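Asks: Submitted below is the structure of interest, expressed as structure tokens.
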Amino acid sequence: MTRHVLISLLALTLAGPIAAAAPPIASGGPAERVPLAASATALPLITSRTQTFRQLGAQSPLNLRGGSGVAGINFGSRSDEVITQAKLKLRYTYSPSMLADLSHIKVMLNDEVVAVVPLPKDKGSETQQLELPLDSRLLADFNRLQFRLIGHYTNQCEDPANSSLWAQISNTSELTLTAQSLPLVNDLARFPEPFFDRRDFTRLTLPFVFAGQPSIGTLQAAGVLSSWFGAAAGWRGARFPTLLDNLPTSQHAVVFATNDQRPGFLAKYPPVKAPTVAMIANPNQPARKLLLVLGRDDSDLKQAADALVLGQAAMTGPQVTVTGVKLDAPRQAYDAPNWVRMDRATKFGELVGSQQDLEVSGQQPDQIRVNLRVPADLFTWRSRGIPIALKFRYTAPAKLDGSRMAVAINDNFVQSFNLRPAGQGGEQSSLRLPLLDDGLFASGNEVLLPAFRVGSRNQLQFQYSFVLQKEGNCSSIGNDNFRAAIDPDSQIDFSGFPHFATLPNLGFFANSGYPFTKYADLSGSALVVPAKPSSSDIEAMLTLLAHMGEATGYPALRYRLVTPEQIDTVKDDDLLVIGAAAQMPLLKQWRDRLPTSVNGSDRRVADSAYSANSSYGWLNAANAQPNTAVLGQAQIQAQGKLAALLGFESPYTPGRSVVVVTGSEPGALGQALDALGDDGKVAAMHGSAVLIRADNVTSQLVGPTYQVGKLPLWTWVWFFLSEHPILLAIMAVLAVCTFAFAILRLLKSVTARRLENK
């Protein structure tokens with residue numbers, strides 16, 4: 001999909017429109033472009049942050065097995081700061097069977113040993129805690145912290161793979177980094193830095209600043225940019241605290257302002273004459289930067305935001321003026337960059353950042369992980385499975401010794417392969433020429449993933465396990481030079497499956513933003529916010545758009561933003577309604593359609609015989625037609641915050657969906673955002689109503705269901721009959737009777753002809 005962006009780059013000098021009236025951002029000359037406020041008065045900002053290994057991506061403890069087991073984590077160092085101190089708080093357990101004088105754990109930072117952890121035998125049965133300083137001079141942009149177990153359990157006849165050789169490092173271990181800010185030049189060539197830094201592995205928290213009461217057009221422009229930041233942040237997640245006519249004290253931030261609607265600190269700036277993007281120092285903390293998105297009106301802001309996300313590669317200098325933005329044809333359904341291809345098989349090389357992500361080494365190497373996103377409404381009913389044309393390579397063992405490669409999806413075992421000297425299964429499928437042999441044997445197999453194990457977000461896992469070759473009781477051939485890889489030309493094929501789903505299912509929205517993300521640019525989708533949204537409402541809107549941008553990998557260039565009074569203009573769209581019930585008159589109009597209502601202290605909760613926590617949330621469960629009739633309702637009054645996600649069919653257009661993100665008060669919306677950013681809580685979201693209180697998530701499926709998508713005629717017939725077994729039985733009886741009657745008539749006809757011939 002092409003996008004033509006025409007951007008005129010105007011360097012900000014003393015004669016520039018903003019610089020002329022704003023001395024704090026004037027520079028000493030075009031070559032320097034260093035704000036005087038930042039260079040002369042800015043003092044270094046010292047910050048400290050602590051992250052657990054879990055926050056750094058270790059979803060489970062790090063297990064070190066065997067005589068030289070290795071595991072580790074990755075972390076980054078932002079470009080706008082320098083790490084002055086690093087400290088590791090290690091929590092670990094180890095086998096009491098290991099010899100204390102020979103066994104230890106090496107701690108390595110970027111392949112250099114920074115500490116050795118002894119393993120006293122008398123403390124092997126207890127969880128240990130140890131604080132270790134790390135040499136900050138060894139840090140780079142991207143860093144690898146590794147732990148290698150050197151384990152011994154005897155002085156002779158030792159088996160390096162003995163089960164007594166193990167250690168475990170808890171993922172609650174902590175890494176604390178103290179950083180000092182660096183002076184930054186106001187240069188958009190750095191964008192998206194410093195506002196988003198890919199080296200930072202923490203959640204993106206970026207304040208958005210508006211005038212006292214931003215217009216709907218201003219908020220729509222901000223939503224485009226927040227969705228882009230969400231796509232850039234990816235797995236980190238993103239939140240956008242909203243400030244009205246105020247600035248953050250110690251953070252980078254994004255400011256939206258028109259000539260008529262500006263935060264107070266921009267009051268002295270002259271009006272702009274075209275869509276403008278600029279970078280300046282934060283007056284509250286010159287070590288931090290502000291990204292200004294400026295325009296004469298809301299239309300200019302939308303152009304500036306579109307240009308910022310589409311034409312950033314051409315932006316340089318402290319300020320640019322946008323002379324035009326042209327959006328070509330909208331994107332096609334299900335073509336989101338982050339999703340697997342629907343028109344052909346998808347190669348593994350398209351699903352990973354680099355080929356190195358598909359390679360491992362060592363006797364017990366880490367898993368090879370391949371993440372893949374799938375449209376939530378993919379219909380896999382009665383399929384034989386999702387085919388994978390798998391190709392893998394490995395250092396071949398000298399003989400069949402039990403070495404294996406196991407395939408799993410979402411931690412569910414699928415299949416394993418023996419690693420044979422002559423290739424997979426011991427069969428050689430292609431001619432091997434000695435002159436071309438590199439010592440790595442290639443294998444290829446078709447793997448069928450069970451459809452019921454495939455959801456909107458998935459991870460394929462490939463675990464190699466090599467066995468050391470033994471020669472007698474006290475002799476083994478040690479070899480830690482095992483290498484293995486999954487070929488990037490391996491393919492997974494989702495093409496040919498129709499799109500059909502039974503809704504409402506809030507699990508689809510929580511996992512992938514469906515149905516709004518059917519189109520990556522969110523065309524056909526409308527967001528509804530209160531006429532006078534609060535900062536909590538705006539933060540929820542921006543964060544939800546970022547959530548959908550993270551799912552698709554593309555900015556929401558074509559969504560529409562309206563107030564309840566403008567709902568008639570978007571009746572044919574899927575609707576995402578955001579706001580507390582007291583601010584949203586639509587929720588009162590739709591009260592009879594809502595499975596649950598939350599209006600301040602007044603709450604109404606319905607109940608049905610169906611549990612939304614069943615398999616209804618799985619991808620292939622589109623055929624589920626549960627009994628969701630309301631069995632009873634409870635109306636209560638309660639204090640405290642309660643957030644809710646509600647889903648139902650649009651009251652305006654059949655087949656269109658409404659998702660409501662609401663709460664007992666505007667501040668309760670933050671609970672919904674927190675839950676949507678927690679994988680464990682997202683897994684508990686299903687059905688038509690999700691209630692969020694404190695750390696609890698409760699899902700229900702009540703009220704009518706509806707279906708979206710199309711099925712081939714023959715598939716639809718069988719699908720329909722599968723839901724009506726009595727009708728199927730009657731049709732089967734009728735078919736048998738009809739066939740028997742036809743046979744009887746045929747036999748009578750044959751008998752009559754024979755009698756006539758006599």
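Letters A, B, ... go to the chains of the structure tokens in the order shown; residues in each chain start at 1; ligands are counted from 1 in the same order.
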Which residues come within 7 Å of region 211-227 of chain A, counting only C-alpha atoms, excluding same-chain residues fewer than 3 positions away, as number ranges by chain?
Replies: A: 230-231, 244-245, 257, 261-263, 298, 301-302, 305, 309, 542, 545-546, 548-549, 555-557, 561-562
Asks: Quick one: residues within 7 Å of Val374 (chain A), only C-alpha atoms, excluding same-chain residues fewer than 4 positions away - as number ranges by chain?
Replies: A: 339-340, 456-457
Asks: What does the file look like for those residues with all heavy atoms, as a PDB file, in the first residue's frame?
Replies:
ATOM      1  N   TRP A 339       0.015  -9.566  10.781  1.00  0.00           N
ATOM      2  CA  TRP A 339      -0.747 -10.803  10.682  1.00  0.00           C
ATOM      3  C   TRP A 339      -0.153 -11.704   9.608  1.00  0.00           C
ATOM      4  O   TRP A 339       0.517 -11.244   8.672  1.00  0.00           O
ATOM      5  CB  TRP A 339      -2.205 -10.502  10.344  1.00  0.00           C
ATOM      6  CG  TRP A 339      -2.935  -9.809  11.449  1.00  0.00           C
ATOM      7  CD1 TRP A 339      -2.419  -9.395  12.642  1.00  0.00           C
ATOM      8  CD2 TRP A 339      -4.316  -9.429  11.468  1.00  0.00           C
ATOM      9  NE1 TRP A 339      -3.386  -8.792  13.410  1.00  0.00           N
ATOM     10  CE2 TRP A 339      -4.566  -8.794  12.714  1.00  0.00           C
ATOM     11  CE3 TRP A 339      -5.368  -9.563  10.567  1.00  0.00           C
ATOM     12  CZ2 TRP A 339      -5.817  -8.309  13.063  1.00  0.00           C
ATOM     13  CZ3 TRP A 339      -6.618  -9.073  10.921  1.00  0.00           C
ATOM     14  CH2 TRP A 339      -6.838  -8.460  12.152  1.00  0.00           C
ATOM     15  N   VAL A 340      -0.432 -12.994   9.741  1.00  0.00           N
ATOM     16  CA  VAL A 340      -0.011 -13.929   8.706  1.00  0.00           C
ATOM     17  C   VAL A 340      -0.750 -13.613   7.416  1.00  0.00           C
ATOM     18  O   VAL A 340      -1.836 -13.021   7.421  1.00  0.00           O
ATOM     19  CB  VAL A 340      -0.281 -15.386   9.135  1.00  0.00           C
ATOM     20  CG1 VAL A 340       0.540 -15.753  10.357  1.00  0.00           C
ATOM     21  CG2 VAL A 340      -1.771 -15.609   9.408  1.00  0.00           C
ATOM     22  N   SER A 456      -5.791 -15.886  18.505  1.00  0.00           N
ATOM     23  CA  SER A 456      -5.425 -14.675  17.774  1.00  0.00           C
ATOM     24  C   SER A 456      -3.929 -14.397  17.883  1.00  0.00           C
ATOM     25  O   SER A 456      -3.283 -14.016  16.917  1.00  0.00           O
ATOM     26  CB  SER A 456      -6.218 -13.476  18.315  1.00  0.00           C
ATOM     27  OG  SER A 456      -7.600 -13.677  18.144  1.00  0.00           O
ATOM     28  N   ARG A 457      -3.367 -14.593  19.088  1.00  0.00           N
ATOM     29  CA  ARG A 457      -1.926 -14.422  19.311  1.00  0.00           C
ATOM     30  C   ARG A 457      -1.336 -15.781  19.628  1.00  0.00           C
ATOM     31  O   ARG A 457      -1.829 -16.479  20.508  1.00  0.00           O
ATOM     32  CB  ARG A 457      -1.659 -13.466  20.467  1.00  0.00           C
ATOM     33  CG  ARG A 457      -2.188 -12.060  20.259  1.00  0.00           C
ATOM     34  CD  ARG A 457      -1.938 -11.221  21.499  1.00  0.00           C
ATOM     35  NE  ARG A 457      -2.443  -9.884  21.346  1.00  0.00           N
ATOM     36  CZ  ARG A 457      -1.732  -8.781  21.582  1.00  0.00           C
ATOM     37  NH1 ARG A 457      -0.475  -8.891  21.976  1.00  0.00           N
ATOM     38  NH2 ARG A 457      -2.259  -7.586  21.432  1.00  0.00           N
TER      39      ARG A 457
END
Asks: For a quick check of understanding, using only C-alpha atoms, which of A:Leu292, A:Gln364, A:Leu188, A:Thr751 has the smallest distance to Tyr269 (chain A)?
Replies: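 Ranked by minimum distance to Tyr269 (chain A), first place goes to A:Leu292.
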Asks: Would you mind telling me which residue in A:Phe75, A:Phe379, A:Tyr153, A:Phe195 lies nearest to Gly709 (chain A) when using only C-alpha atoms?
Replies: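 Looking only at the distances to Gly709 (chain A), the closest residue turns out to be A:Phe379.
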Asks: Write out as a list in words the residues lying within 9 Å of Phe516 (chain A), counting only C-alpha atoms and excluding same-chain residues fewer than 2 positions away.
Replies: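 The filter keeps Phe509, Ser512, Gly513, Tyr514, Lys518, Tyr519, Ala520, Leu522, Ser523, Gly524, Ser525, Ala526, Met548, Asp574, Leu575, Leu576 and Ser657 of chain A.
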Asks: Please determine, counting only C-alpha atoms, which residue among A:Phe494, A:Ser383, A:Pro283, A:Leu266 has the shortest atom-to-atom distance to Pro248 (chain A).
Replies: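 With only C-alpha atoms as the atom set, the closest residue is A:Pro283.
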Asks: When you look at Lys681 (chain A) with a cut-off of 10 Å (counting only C-alpha atoms), what residues show up, excluding the ones that are within fewer than 4 positions of it in the same chain? I need them as a list in words.
Replies: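 Returned residues: Ala510, Asp674, Ala675, Leu676, Gly677, Met685, Ile692, Asp695, Asn696, Val697 and Thr698 of chain A.
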Asks: Per DSSP on the backbone, filter region 77-200 of chain A down to the residues in strand (DSSP E) and report them as a ChimeraX atom specification.
Replies: /A:81-94,104-109,112-118,128-134,142-150,166-169,174-181
Asks: Between CA of Thr380 (chain A) and CA of His499 (chain A), what is the distance, to one decimal in Å?
Replies: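 Separating CA of Thr380 (chain A) from CA of His499 (chain A) is a distance of 8.9 Å.
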